[in-house]
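Engineer: I'm passing along start-v2.txt; it holds compact mmCIF, C-alpha atoms.
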# COMPACT_ATOMS: atom_id res chain seq x y z
CA MET A 1 59.31 -17.88 -69.52
CA ILE A 2 61.00 -19.54 -66.55
CA ASP A 3 64.74 -18.86 -66.20
CA ILE A 4 66.90 -21.04 -64.00
CA ARG A 5 70.39 -19.59 -63.61
CA ASN A 6 73.26 -21.52 -62.01
CA VAL A 7 70.98 -23.09 -59.44
CA SER A 8 72.29 -25.38 -56.74
CA LEU A 9 70.17 -26.79 -53.97
CA ALA A 10 71.33 -28.45 -50.77
CA TYR A 11 69.47 -29.88 -47.80
CA GLY A 12 72.05 -29.61 -45.04
CA GLU A 13 75.14 -31.52 -46.18
CA ARG A 14 73.33 -33.21 -49.07
CA THR A 15 73.42 -31.38 -52.41
CA VAL A 16 70.49 -32.43 -54.60
CA LEU A 17 71.02 -30.04 -57.54
CA HIS A 18 74.37 -28.92 -58.95
CA ASP A 19 74.67 -25.71 -60.97
CA VAL A 20 71.58 -26.15 -63.16
CA SER A 21 70.85 -23.53 -65.83
CA LEU A 22 67.78 -23.82 -68.04
CA HIS A 23 65.39 -21.55 -69.94
CA LEU A 24 61.91 -23.03 -70.04
CA ARG A 25 59.81 -21.53 -72.82
CA GLU A 26 58.21 -24.50 -74.60
CA ARG A 27 54.53 -25.40 -74.03
CA ARG A 28 55.15 -29.00 -72.96
CA ILE A 29 58.30 -29.81 -71.01
CA ALA A 30 59.01 -33.14 -69.33
CA ILE A 31 61.45 -33.74 -66.51
CA VAL A 32 62.60 -37.35 -66.15
CA GLY A 33 65.17 -39.09 -64.02
CA ALA A 34 65.69 -41.90 -61.55
CA ASN A 35 64.36 -41.68 -57.99
CA GLY A 36 66.53 -39.27 -56.03
CA SER A 37 67.88 -37.59 -59.17
CA GLY A 38 66.64 -34.19 -57.97
CA LYS A 39 63.72 -33.76 -60.36
CA SER A 40 61.05 -33.23 -57.67
CA SER A 41 63.26 -30.71 -55.85
CA PHE A 42 63.76 -28.98 -59.20
CA ALA A 43 59.98 -28.82 -59.71
CA ARG A 44 59.52 -27.23 -56.27
CA LEU A 45 62.00 -24.51 -57.20
CA LEU A 46 59.80 -23.39 -60.08
CA ASN A 47 57.03 -21.89 -57.95
CA GLY A 48 59.18 -20.88 -55.02
CA LEU A 49 58.14 -23.68 -52.67
CA VAL A 50 61.87 -24.28 -52.28
CA LEU A 51 64.48 -21.54 -52.71
CA PRO A 52 67.83 -22.30 -54.33
CA THR A 53 70.92 -22.44 -52.13
CA ASP A 54 72.81 -20.69 -54.96
CA GLY A 55 71.64 -19.10 -58.19
CA ASP A 56 68.25 -17.72 -59.17
CA VAL A 57 64.89 -18.83 -60.52
CA GLU A 58 62.85 -16.21 -62.36
CA VAL A 59 59.30 -16.56 -63.64
CA ASP A 60 58.38 -13.90 -66.21
CA GLY A 61 61.06 -11.67 -64.69
CA MET A 62 60.00 -12.24 -61.05
CA ASN A 63 62.56 -13.81 -58.73
CA THR A 64 61.31 -16.60 -56.45
CA ARG A 65 63.44 -15.15 -53.63
CA ASN A 66 61.29 -12.04 -53.24
CA LYS A 67 58.13 -12.64 -55.29
CA GLY A 68 57.21 -16.12 -54.08
CA LYS A 69 53.57 -15.38 -53.38
CA ASP A 70 52.99 -13.70 -56.76
CA ILE A 71 54.82 -16.52 -58.51
CA ARG A 72 52.71 -19.18 -56.83
CA GLN A 73 49.65 -17.47 -58.32
CA LYS A 74 51.25 -17.73 -61.77
CA VAL A 75 52.68 -21.23 -61.38
CA GLY A 76 50.19 -23.87 -60.25
CA PHE A 77 51.52 -27.07 -58.69
CA VAL A 78 49.96 -30.53 -58.86
CA PHE A 79 51.40 -33.02 -56.38
CA GLN A 80 51.95 -36.74 -56.80
CA ASN A 81 49.44 -37.71 -54.14
CA PRO A 82 46.18 -35.77 -54.54
CA ASP A 83 45.24 -36.69 -50.97
CA ASN A 84 47.96 -34.31 -49.81
CA GLN A 85 46.68 -31.52 -52.02
CA ILE A 86 42.95 -31.61 -51.33
CA VAL A 87 42.48 -29.39 -48.29
CA PHE A 88 38.71 -29.29 -47.76
CA PRO A 89 36.43 -32.26 -47.09
CA VAL A 90 33.94 -31.57 -49.92
CA VAL A 91 34.76 -31.18 -53.66
CA GLU A 92 33.11 -27.76 -54.07
CA GLU A 93 34.73 -26.38 -50.90
CA ASP A 94 38.17 -27.53 -51.98
CA LEU A 95 37.83 -25.92 -55.40
CA ALA A 96 36.79 -22.67 -53.73
CA PHE A 97 39.83 -22.59 -51.40
CA GLY A 98 42.40 -21.18 -53.85
CA MET A 99 39.96 -18.67 -55.30
CA LYS A 100 38.97 -17.44 -51.83
CA ASN A 101 42.68 -16.91 -51.16
CA LEU A 102 42.80 -14.75 -54.29
CA GLY A 103 39.84 -12.74 -53.00
CA LEU A 104 37.53 -13.54 -55.93
CA PRO A 105 33.82 -12.66 -55.55
CA LYS A 106 31.42 -15.46 -54.57
CA ALA A 107 29.58 -15.40 -57.91
CA THR A 108 32.83 -15.78 -59.86
CA ILE A 109 33.93 -18.63 -57.58
CA ALA A 110 30.62 -20.47 -58.13
CA GLN A 111 30.82 -19.93 -61.89
CA LYS A 112 34.39 -21.22 -62.14
CA ILE A 113 33.60 -24.27 -60.00
CA ASP A 114 30.69 -25.21 -62.28
CA ALA A 115 32.83 -24.70 -65.38
CA VAL A 116 35.78 -26.78 -64.21
CA LEU A 117 33.57 -29.62 -62.94
CA ALA A 118 31.71 -29.67 -66.27
CA ARG A 119 35.03 -29.74 -68.11
CA TYR A 120 36.02 -32.98 -66.35
CA ASP A 121 32.53 -34.46 -66.31
CA MET A 122 32.37 -34.27 -62.51
CA THR A 123 29.36 -31.98 -62.06
CA ASP A 124 27.46 -34.63 -60.08
CA LEU A 125 30.39 -34.85 -57.65
CA LYS A 126 30.17 -31.19 -56.65
CA GLU A 127 28.91 -31.92 -53.13
CA HIS A 128 30.70 -35.26 -52.81
CA PRO A 129 33.07 -35.94 -49.88
CA ALA A 130 36.61 -35.71 -51.32
CA HIS A 131 37.85 -38.80 -49.49
CA LEU A 132 35.25 -40.96 -51.25
CA LEU A 133 36.44 -40.07 -54.78
CA SER A 134 38.42 -42.56 -56.86
CA GLY A 135 42.17 -41.99 -57.35
CA GLY A 136 41.60 -40.55 -60.84
CA GLN A 137 38.81 -38.29 -59.66
CA LYS A 138 41.00 -37.04 -56.81
CA GLN A 139 43.81 -36.20 -59.22
CA LEU A 140 41.36 -34.43 -61.55
CA LEU A 141 40.07 -32.50 -58.53
CA ALA A 142 43.65 -31.54 -57.64
CA ILE A 143 44.24 -30.35 -61.23
CA SER A 144 40.90 -28.50 -61.17
CA GLY A 145 41.87 -26.81 -57.90
CA VAL A 146 44.92 -25.42 -59.67
CA LEU A 147 43.12 -24.54 -62.93
CA VAL A 148 40.46 -22.37 -61.27
CA MET A 149 43.25 -20.05 -60.16
CA ASP A 150 44.10 -19.33 -63.83
CA PRO A 151 47.84 -20.03 -63.69
CA ALA A 152 50.03 -19.40 -66.73
CA TYR A 153 52.21 -22.43 -65.92
CA ILE A 154 51.36 -25.75 -64.31
CA VAL A 155 54.07 -27.86 -62.70
CA MET A 156 53.07 -31.48 -62.10
CA ASP A 157 55.06 -33.84 -59.92
CA GLU A 158 54.36 -37.41 -61.06
CA PRO A 159 50.58 -36.92 -61.25
CA THR A 160 49.87 -40.38 -62.72
CA THR A 161 52.13 -42.48 -60.50
CA LEU A 162 49.41 -43.67 -58.11
CA LEU A 163 46.76 -44.29 -60.77
CA ASP A 164 45.47 -47.39 -62.55
CA LEU A 165 45.54 -47.55 -66.35
CA ARG A 166 42.05 -46.12 -66.93
CA ASN A 167 42.60 -43.19 -64.56
CA LYS A 168 46.11 -42.65 -65.93
CA ARG A 169 44.61 -42.25 -69.41
CA ARG A 170 41.94 -39.92 -68.08
CA VAL A 171 44.51 -37.69 -66.38
CA ALA A 172 46.83 -37.90 -69.42
CA ARG A 173 43.97 -36.62 -71.59
CA ALA A 174 43.34 -33.82 -69.11
CA ILE A 175 47.03 -32.83 -69.20
CA SER A 176 47.15 -32.87 -72.99
CA ASP A 177 44.06 -30.60 -73.17
CA LEU A 178 45.52 -27.92 -70.89
CA GLU A 179 46.04 -24.55 -72.53
CA GLN A 180 48.78 -23.62 -70.05
CA THR A 181 52.49 -24.32 -70.24
CA VAL A 182 52.99 -27.69 -68.54
CA ILE A 183 56.18 -28.81 -66.82
CA LEU A 184 55.68 -32.46 -66.02
CA VAL A 185 57.89 -34.55 -63.75
CA THR A 186 57.22 -38.17 -64.59
CA HIS A 187 58.44 -41.75 -64.91
CA ASP A 188 55.72 -42.42 -67.49
CA LEU A 189 57.49 -42.14 -70.83
CA ASP A 190 54.31 -42.79 -72.88
CA LEU A 191 52.87 -39.60 -71.43
CA ILE A 192 55.62 -37.40 -72.84
CA SER A 193 56.20 -38.86 -76.30
CA ASP A 194 54.61 -35.82 -77.98
CA PHE A 195 56.12 -33.22 -75.66
CA ASP A 196 58.22 -30.35 -77.02
CA ARG A 197 61.20 -30.96 -74.76
CA VAL A 198 62.51 -33.61 -72.37
CA ILE A 199 65.08 -32.80 -69.69
CA VAL A 200 66.86 -35.74 -68.08
CA PHE A 201 68.24 -35.41 -64.54
CA ASP A 202 70.82 -37.67 -62.97
CA GLU A 203 72.34 -37.15 -59.54
CA GLY A 204 71.26 -33.51 -59.49
CA ARG A 205 72.63 -32.64 -62.93
CA VAL A 206 71.02 -32.22 -66.35
CA ILE A 207 72.46 -34.97 -68.53
CA ALA A 208 70.18 -34.52 -71.54
CA ASP A 209 67.95 -31.77 -72.82
CA ASP A 210 66.37 -32.50 -76.18
CA THR A 211 63.29 -33.65 -78.05
CA PRO A 212 61.55 -36.80 -76.75
CA GLN A 213 62.86 -38.75 -79.73
CA ALA A 214 66.45 -37.95 -78.75
CA ALA A 215 66.26 -37.71 -74.95
CA ILE A 216 64.05 -40.70 -74.06
CA PRO A 217 66.28 -43.42 -75.65
CA LEU A 218 69.27 -41.90 -73.89
CA TYR A 219 67.43 -41.99 -70.56
CA VAL A 220 66.23 -45.56 -71.12
CA ALA A 221 69.78 -46.67 -72.01
CA ARG A 222 71.08 -45.09 -68.84
CA MET A 223 68.45 -46.82 -66.71
CA THR A 224 69.04 -50.32 -68.11
CA MET B 1 34.62 -44.32 -43.27
CA LEU B 2 33.79 -40.92 -41.93
CA ASP B 3 30.90 -39.21 -43.69
CA LEU B 4 30.37 -35.56 -42.86
CA TYR B 5 28.09 -33.41 -45.01
CA SER B 6 25.20 -35.19 -46.69
CA PRO B 7 23.81 -33.03 -49.52
CA GLY B 8 20.11 -32.14 -49.36
CA THR B 9 17.52 -29.39 -49.60
CA SER B 10 15.70 -29.80 -46.28
CA LEU B 11 14.98 -26.92 -43.90
CA LEU B 12 17.94 -27.99 -41.76
CA HIS B 13 20.21 -27.93 -44.83
CA ARG B 14 19.04 -24.44 -45.75
CA LEU B 15 19.35 -23.05 -42.25
CA SER B 16 22.58 -21.11 -41.65
CA PRO B 17 25.11 -22.78 -39.30
CA ALA B 18 24.85 -20.21 -36.48
CA PRO B 19 21.31 -21.12 -35.27
CA LYS B 20 22.11 -24.82 -35.67
CA LEU B 21 25.25 -24.50 -33.55
CA LEU B 22 23.31 -22.45 -30.99
CA ALA B 23 20.55 -25.09 -30.89
CA LEU B 24 23.21 -27.77 -30.48
CA MET B 25 24.74 -25.91 -27.53
CA ILE B 26 21.35 -25.41 -25.86
CA GLY B 27 20.28 -29.00 -26.60
CA ALA B 28 23.53 -30.41 -25.19
CA THR B 29 23.23 -28.29 -22.06
CA LEU B 30 19.60 -29.33 -21.51
CA LEU B 31 20.53 -32.98 -21.98
CA PHE B 32 23.13 -32.73 -19.24
CA VAL B 33 20.94 -30.68 -16.89
CA ASN B 34 18.06 -33.14 -17.32
CA GLU B 35 17.95 -36.09 -14.90
CA SER B 36 14.89 -37.88 -16.21
CA LEU B 37 15.19 -41.10 -18.22
CA VAL B 38 11.75 -40.52 -19.77
CA LEU B 39 12.75 -37.08 -21.03
CA THR B 40 16.01 -38.49 -22.39
CA VAL B 41 14.12 -41.18 -24.31
CA ALA B 42 11.77 -38.47 -25.62
CA ALA B 43 14.76 -36.36 -26.69
CA LEU B 44 16.30 -39.35 -28.47
CA GLY B 45 13.00 -39.98 -30.25
CA THR B 46 12.79 -36.34 -31.31
CA VAL B 47 16.36 -36.31 -32.63
CA LEU B 48 15.75 -39.56 -34.53
CA ALA B 49 12.57 -38.07 -36.01
CA LEU B 50 14.59 -35.11 -37.25
CA PHE B 51 16.76 -37.41 -39.39
CA PRO B 52 14.02 -38.22 -41.97
CA ALA B 53 12.87 -34.59 -41.74
CA ALA B 54 16.40 -33.61 -42.83
CA GLN B 55 16.31 -36.11 -45.74
CA LEU B 56 18.62 -38.42 -43.81
CA THR B 57 18.01 -42.12 -43.21
CA LEU B 58 17.92 -43.92 -39.86
CA ARG B 59 20.75 -46.03 -41.28
CA GLN B 60 22.85 -42.85 -41.41
CA ALA B 61 21.89 -42.23 -37.77
CA GLY B 62 23.09 -45.73 -36.93
CA GLN B 63 26.37 -45.11 -38.74
CA GLN B 64 27.07 -42.13 -36.48
CA VAL B 65 26.86 -44.13 -33.25
CA ARG B 66 28.23 -47.47 -34.48
CA PRO B 67 31.93 -46.56 -34.03
CA LEU B 68 31.18 -45.83 -30.36
CA LEU B 69 29.29 -49.05 -29.70
CA TRP B 70 32.06 -50.55 -27.54
CA ILE B 71 32.26 -47.38 -25.45
CA PHE B 72 28.48 -47.49 -24.98
CA ILE B 73 28.68 -51.12 -23.88
CA LEU B 74 31.55 -50.34 -21.49
CA PHE B 75 29.69 -47.36 -19.97
CA PHE B 76 26.50 -49.37 -19.69
CA VAL B 77 28.14 -52.31 -17.94
CA LEU B 78 30.14 -50.08 -15.58
CA GLN B 79 27.13 -47.92 -14.68
CA TRP B 80 24.89 -50.95 -14.21
CA TRP B 81 27.46 -52.49 -11.89
CA LEU B 82 28.05 -49.24 -9.95
CA SER B 83 24.63 -47.55 -9.97
CA GLY B 84 21.96 -49.85 -11.37
CA LEU B 85 20.18 -50.52 -14.63
CA GLU B 86 18.16 -47.30 -14.87
CA LEU B 87 21.16 -44.99 -14.51
CA ALA B 88 23.16 -47.12 -16.97
CA ALA B 89 20.40 -46.76 -19.58
CA PHE B 90 20.13 -43.02 -18.82
CA VAL B 91 23.87 -42.35 -19.27
CA VAL B 92 24.18 -44.31 -22.54
CA LEU B 93 20.98 -42.90 -24.05
CA ARG B 94 22.03 -39.35 -23.14
CA LEU B 95 25.40 -39.82 -24.82
CA ALA B 96 23.80 -41.37 -27.93
CA THR B 97 21.30 -38.50 -28.16
CA LEU B 98 24.07 -35.94 -27.90
CA ILE B 99 26.11 -37.63 -30.65
CA LEU B 100 23.08 -37.90 -32.93
CA LEU B 101 22.20 -34.25 -32.31
CA ALA B 102 25.74 -33.15 -33.19
CA SER B 103 25.66 -35.45 -36.25
CA LEU B 104 22.45 -33.77 -37.43
CA VAL B 105 24.37 -30.49 -37.52
CA THR B 106 27.44 -31.86 -39.30
CA LEU B 107 25.39 -33.92 -41.78
CA THR B 108 23.30 -30.91 -42.82
CA THR B 109 26.02 -28.23 -42.78
CA ARG B 110 28.85 -27.83 -45.25
CA SER B 111 32.12 -27.75 -43.38
CA SER B 112 33.12 -24.53 -45.18
CA ASP B 113 29.91 -22.82 -43.93
CA MET B 114 30.54 -24.16 -40.43
CA ILE B 115 34.15 -22.94 -40.52
CA ASP B 116 33.13 -19.51 -41.86
CA THR B 117 30.66 -19.20 -38.97
CA MET B 118 33.23 -20.31 -36.40
CA THR B 119 35.83 -17.95 -37.91
CA ALA B 120 33.37 -15.06 -37.64
CA GLY B 121 32.49 -16.11 -34.09
CA LEU B 122 36.15 -16.11 -33.06
CA ARG B 123 36.83 -12.55 -34.27
CA PHE B 124 36.56 -11.25 -30.72
CA LEU B 125 39.79 -13.16 -29.94
CA LYS B 126 41.82 -11.17 -32.50
CA PRO B 127 43.04 -8.57 -29.95
CA PHE B 128 44.47 -11.50 -27.94
CA GLY B 129 46.66 -12.61 -30.87
CA VAL B 130 44.36 -15.39 -32.15
CA ASN B 131 44.03 -15.52 -35.94
CA PRO B 132 40.46 -16.79 -36.61
CA ALA B 133 41.28 -17.65 -40.26
CA LYS B 134 44.11 -19.92 -39.11
CA VAL B 135 41.83 -21.59 -36.59
CA GLY B 136 39.26 -22.10 -39.37
CA LEU B 137 41.84 -23.68 -41.66
CA ALA B 138 43.07 -25.93 -38.84
CA ILE B 139 39.51 -27.18 -38.23
CA SER B 140 39.02 -27.77 -41.93
CA LEU B 141 42.27 -29.72 -42.19
CA ALA B 142 41.32 -31.83 -39.18
CA LEU B 143 37.97 -32.69 -40.79
CA ARG B 144 39.58 -33.43 -44.15
CA PHE B 145 42.41 -35.60 -42.86
CA ILE B 146 40.59 -37.76 -40.29
CA PRO B 147 39.51 -40.21 -43.04
CA VAL B 148 42.92 -39.97 -44.75
CA LEU B 149 44.73 -40.85 -41.52
CA ALA B 150 42.22 -43.64 -40.87
CA GLN B 151 43.03 -45.04 -44.33
CA ILE B 152 46.79 -44.79 -43.70
CA THR B 153 46.37 -46.57 -40.36
CA GLN B 154 44.38 -49.32 -42.06
CA ASP B 155 47.03 -49.70 -44.80
CA VAL B 156 49.84 -49.92 -42.24
CA ARG B 157 47.88 -52.35 -40.07
CA GLU B 158 47.31 -54.63 -43.07
CA ALA B 159 50.99 -54.43 -44.04
CA GLN B 160 52.07 -55.30 -40.50
CA LYS B 161 49.49 -58.07 -40.30
CA ALA B 162 51.08 -59.61 -43.41
CA ARG B 163 54.35 -59.65 -41.46
CA GLY B 164 52.73 -61.09 -38.32
CA LEU B 165 53.07 -57.81 -36.40
CA GLU B 166 49.39 -56.92 -36.04
CA ARG B 167 49.60 -57.01 -32.23
CA SER B 168 52.54 -54.63 -32.02
CA VAL B 169 51.36 -51.08 -31.30
CA ILE B 170 54.78 -49.63 -32.16
CA ALA B 171 54.95 -51.47 -35.49
CA VAL B 172 51.69 -49.74 -36.48
CA ALA B 173 52.15 -46.38 -34.74
CA MET B 174 55.66 -45.61 -36.02
CA PRO B 175 54.98 -45.93 -39.79
CA VAL B 176 51.68 -44.05 -39.37
CA ALA B 177 53.47 -41.22 -37.54
CA ILE B 178 56.24 -41.05 -40.17
CA ARG B 179 53.75 -41.00 -43.04
CA ALA B 180 51.66 -38.36 -41.24
CA ILE B 181 54.71 -36.11 -40.77
CA LYS B 182 55.70 -36.52 -44.44
CA MET B 183 52.12 -35.82 -45.45
CA ALA B 184 52.06 -32.68 -43.28
CA ASP B 185 55.03 -31.29 -45.26
CA ASP B 186 53.27 -31.89 -48.58
CA ILE B 187 50.00 -30.41 -47.30
CA SER B 188 51.83 -27.31 -46.13
CA ASP B 189 53.40 -26.96 -49.61
CA ALA B 190 50.01 -27.52 -51.23
CA ILE B 191 48.34 -24.84 -49.11
CA GLU B 192 51.11 -22.40 -49.91
CA SER B 193 50.88 -23.28 -53.61
CA ARG B 194 47.20 -22.41 -53.61
CA GLY B 195 47.79 -18.85 -52.55
CA TYR B 196 47.05 -19.09 -48.84
CA ARG B 197 48.19 -15.96 -47.05
CA PRO B 198 47.74 -16.23 -43.28
Would you write out, as structure tokens, the structure that this file holds?

Structural biologist:
Amino acid sequence: MIDIRNVSLAYGERTVLHDVSLHLRERRIAIVGANGSGKSSFARLLNGLVLPTDGDVEVDGMNTRNKGKDIRQKVGFVFQNPDNQIVFPVVEEDLAFGMKNLGLPKATIAQKIDAVLARYDMTDLKEHPAHLLSGGQKQLLAISGVLVMDPAYIVMDEPTTLLDLRNKRRVARAISDLEQTVILVTHDLDLISDFDRVIVFDEGRVIADDTPQAAIPLYVARMT
Amino acid sequence: MLDLYSPGTSLLHRLSPAPKLLALMIGATLLFVNESLVLTVAALGTVLALFPAAQLTLRQAGQQVRPLLWIFILFFVLQWWLSGLELAAFVVLRLATLILLASLVTLTTRSSDMIDTMTAGLRFLKPFGVNPAKVGLAISLALRFIPVLAQITQDVREAQKARGLERSVIAVAMPVAIRAIKMADDISDAIESRGYRP
């Protein structure tokens, strides 16, 4: 479970989150809100990439203030632009990066790479240059790079924003098939219609926290 | 587009990076010590012959030197004007041979293997405060983001062209620099997220 207690976050003079308290325990949680509402900053708090100015974030009892590295192993993060997440020039090398950081043996790394590529039907792209992949393939590679590290939670920051319809559907299917707890920041309301919980942010505050059926119409009304 | 590793099963692909890098160093040194045009042409022929032997096409060889065509032409014209035709041909052919030789190494070596070798080779610098793993990651990032930055530059150039600003260096350089800095923040977060411990 992820516990967010009285969290505020400020960048210099600008406060982007105001006294947010949430307990995240559902399997599928969506975070929605207008641009600049603080949802991406909130997502970065969950794996300790950003530390709160006030308050605490705890993942399974570990505080992001002093257990950041352990938490990042538990909470995978998928960024909006996969080009900023893929670190190595070749697919196989990039998938190996996180696992090498965990100190996994070579044989295990090879086995996990084969398994994750087979899962997303990308086995023939194993030795492919990453920059020549399509947008959807890049995002699936970014998700795969997180999955091979066996996280318990996956935070995704607008993973379908840069994709065309076909790739969006492909990535949506991949997200829905994940066994892990998923916390998804998105503008794509179709993607979250069957989620367990939708949290709506506005100007750094939670203004709704409910089922999709209740929270989405409220969000749409606010945006129109 | 920048193509680095080209998958294959040739002898050059199977060879570990260390001997290839050593051969590249020796080859490059010999090319610069040599002063004979005939030997340079022979070296170029040998390097070109190694492309098919490494399951690479001559088209791939051409792709490696094409981006430098204007530099070759400039060197050739300058050298011809200053020192004569033979020396101009010698200088350009030597440079082309060197680039093709280096390309043979990069096209047949995975960057991760190359970086692992370089990281191991830099261990002797540890007592002087150099972290070989960090150097390895920096090289990897440079290789990975050259095509990404090239794409960003192309996008910005097209956007500025649409606004009639294609001749303004600042109008292209500023947005590229801003996007690169923003990208660097995200990449740093991504590396941290994936468990990197320097």

Engineer: One decimal, in Å: what's the spacing between CA of Ala54 in chain B and CA of Gly8 in chain B?

Structural biologist: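 Computing it gives 7.7 Å between the two atoms.
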
Engineer: Using all atoms listed in the file, find the one residue out of B:Ala89, B:Leu125, B:Ile191, B:Ile99 that sits nearest to Ile86 in chain A.

Structural biologist: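 Smallest distance to Ile86 in chain A is found for B:Ile191.
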
Engineer: Could you please select, counting only C-alpha atoms, the residues of chain A within 6 Å of chain B and state them as a VMD selection string?

Structural biologist: chain A and resid 72 84 to 85 88 to 89 98 101

Engineer: Which value, in Å to one decimal, gives the distance between CA of Leu189 in chain A and CA of Ile175 in chain A?

Structural biologist: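 Those two atoms sit 14.1 Å apart.
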
Engineer: Do you have, as a Markdown table, the list of residues of range 96-195 of chain B lying at most 12 Å from range 28-50 of chain B, each with its nearest atom pair and that distance in Å to one decimal, counting all atoms listed in the file and ordered by chain then number?

Structural biologist:
| residue | atom | partner | partner_atom | distance |
| --- | --- | --- | --- | --- |
| B:Ala96 | CA | B:Leu44 | CA | 7.8 |
| B:Thr97 | CA | B:Leu44 | CA | 5.1 |
| B:Leu98 | CA | B:Ala28 | CA | 6.2 |
| B:Ile99 | CA | B:Ala28 | CA | 9.4 |
| B:Leu100 | CA | B:Val47 | CA | 6.9 |
| B:Leu101 | CA | B:Val47 | CA | 6.2 |
| B:Ala102 | CA | B:Ala28 | CA | 8.7 |
| B:Ser103 | CA | B:Val47 | CA | 10.0 |
| B:Leu104 | CA | B:Leu50 | CA | 8.0 |
| B:Val105 | CA | B:Leu50 | CA | 10.8 |
| B:Leu107 | CA | B:Leu50 | CA | 11.8 |
| B:Thr108 | CA | B:Leu50 | CA | 11.2 |

Engineer: In the coordinate frame of the file, compute which residues have an atom within 10 Å of (23.9, -44.7, -21.5) when using all atoms listed in the file, and state them as a JSON list (two decimals) with C-alpha atoms, in the coordinates of the input.

Structural biologist:
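Done, and the output landed in out_15.json:
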[["chain", "number", "residue", "atom", "x", "y", "z"],
["B", 37, "LEU", "CA", 15.19, -41.10, -18.22],
["B", 71, "ILE", "CA", 32.26, -47.38, -25.45],
["B", 72, "PHE", "CA", 28.48, -47.49, -24.98],
["B", 73, "ILE", "CA", 28.68, -51.12, -23.88],
["B", 74, "LEU", "CA", 31.55, -50.34, -21.49],
["B", 75, "PHE", "CA", 29.69, -47.36, -19.97],
["B", 76, "PHE", "CA", 26.50, -49.37, -19.69],
["B", 77, "VAL", "CA", 28.14, -52.31, -17.94],
["B", 79, "GLN", "CA", 27.13, -47.92, -14.68],
["B", 80, "TRP", "CA", 24.89, -50.95, -14.21],
["B", 85, "LEU", "CA", 20.18, -50.52, -14.63],
["B", 86, "GLU", "CA", 18.16, -47.30, -14.87],
["B", 87, "LEU", "CA", 21.16, -44.99, -14.51],
["B", 88, "ALA", "CA", 23.16, -47.12, -16.97],
["B", 89, "ALA", "CA", 20.40, -46.76, -19.58],
["B", 90, "PHE", "CA", 20.13, -43.02, -18.82],
["B", 91, "VAL", "CA", 23.87, -42.35, -19.27],
["B", 92, "VAL", "CA", 24.18, -44.31, -22.54],
["B", 93, "LEU", "CA", 20.98, -42.90, -24.05],
["B", 94, "ARG", "CA", 22.03, -39.35, -23.14],
["B", 95, "LEU", "CA", 25.40, -39.82, -24.82],
["B", 96, "ALA", "CA", 23.80, -41.37, -27.93],
["B", 97, "THR", "CA", 21.30, -38.50, -28.16]]

Engineer: Skip range 213-224 of chain A itself and residues of its chain fewer than 2 positions away, then list as a list in words all residues within 10 Å of it, counting only C-alpha atoms.

Structural biologist: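 In the requested format, the answer is Val32, Gly33, Ala34, Leu189, Ile192, Ser193, Asp194, Phe195, Asp196, Arg197, Val198, Ile199, Val200, Phe201, Asp202, Ile207, Ala208, Asp209, Asp210 and Thr211 of chain A.
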
Engineer: May I have the protein, DNA and RNA residues with an atom at most 12 Å from (43.8, -29.5, -63.4), counting all atoms listed in the file in the file's coordinates, returned as a short mmCIF file (atom, residue, chain, number, x, y, z; two decimals) with C-alpha atoms, keeping the file's coordinate frame?

Structural biologist:
data_model
loop_
_atom_site.label_atom_id
_atom_site.label_comp_id
_atom_site.auth_asym_id
_atom_site.auth_seq_id
_atom_site.Cartn_x
_atom_site.Cartn_y
_atom_site.Cartn_z
CA GLY A 76 50.19 -23.87 -60.25
CA PHE A 77 51.52 -27.07 -58.69
CA VAL A 78 49.96 -30.53 -58.86
CA PHE A 79 51.40 -33.02 -56.38
CA PRO A 82 46.18 -35.77 -54.54
CA GLN A 85 46.68 -31.52 -52.02
CA LEU A 95 37.83 -25.92 -55.40
CA ILE A 113 33.60 -24.27 -60.00
CA VAL A 116 35.78 -26.78 -64.21
CA LEU A 117 33.57 -29.62 -62.94
CA ARG A 119 35.03 -29.74 -68.11
CA TYR A 120 36.02 -32.98 -66.35
CA GLY A 136 41.60 -40.55 -60.84
CA GLN A 137 38.81 -38.29 -59.66
CA LYS A 138 41.00 -37.04 -56.81
CA GLN A 139 43.81 -36.20 -59.22
CA LEU A 140 41.36 -34.43 -61.55
CA LEU A 141 40.07 -32.50 -58.53
CA ALA A 142 43.65 -31.54 -57.64
CA ILE A 143 44.24 -30.35 -61.23
CA SER A 144 40.90 -28.50 -61.17
CA GLY A 145 41.87 -26.81 -57.90
CA VAL A 146 44.92 -25.42 -59.67
CA LEU A 147 43.12 -24.54 -62.93
CA VAL A 148 40.46 -22.37 -61.27
CA MET A 149 43.25 -20.05 -60.16
CA ASP A 150 44.10 -19.33 -63.83
CA PRO A 151 47.84 -20.03 -63.69
CA TYR A 153 52.21 -22.43 -65.92
CA ILE A 154 51.36 -25.75 -64.31
CA VAL A 155 54.07 -27.86 -62.70
CA MET A 156 53.07 -31.48 -62.10
CA PRO A 159 50.58 -36.92 -61.25
CA ARG A 170 41.94 -39.92 -68.08
CA VAL A 171 44.51 -37.69 -66.38
CA ALA A 172 46.83 -37.90 -69.42
CA ARG A 173 43.97 -36.62 -71.59
CA ALA A 174 43.34 -33.82 -69.11
CA ILE A 175 47.03 -32.83 -69.20
CA SER A 176 47.15 -32.87 -72.99
CA ASP A 177 44.06 -30.60 -73.17
CA LEU A 178 45.52 -27.92 -70.89
CA GLU A 179 46.04 -24.55 -72.53
CA GLN A 180 48.78 -23.62 -70.05
CA VAL A 182 52.99 -27.69 -68.54
#

Engineer: What is the distance, in Å and to one decimal place, between CA of Lys20 in chain B and CA of Ala138 in chain B?

Structural biologist: 21.2 Å
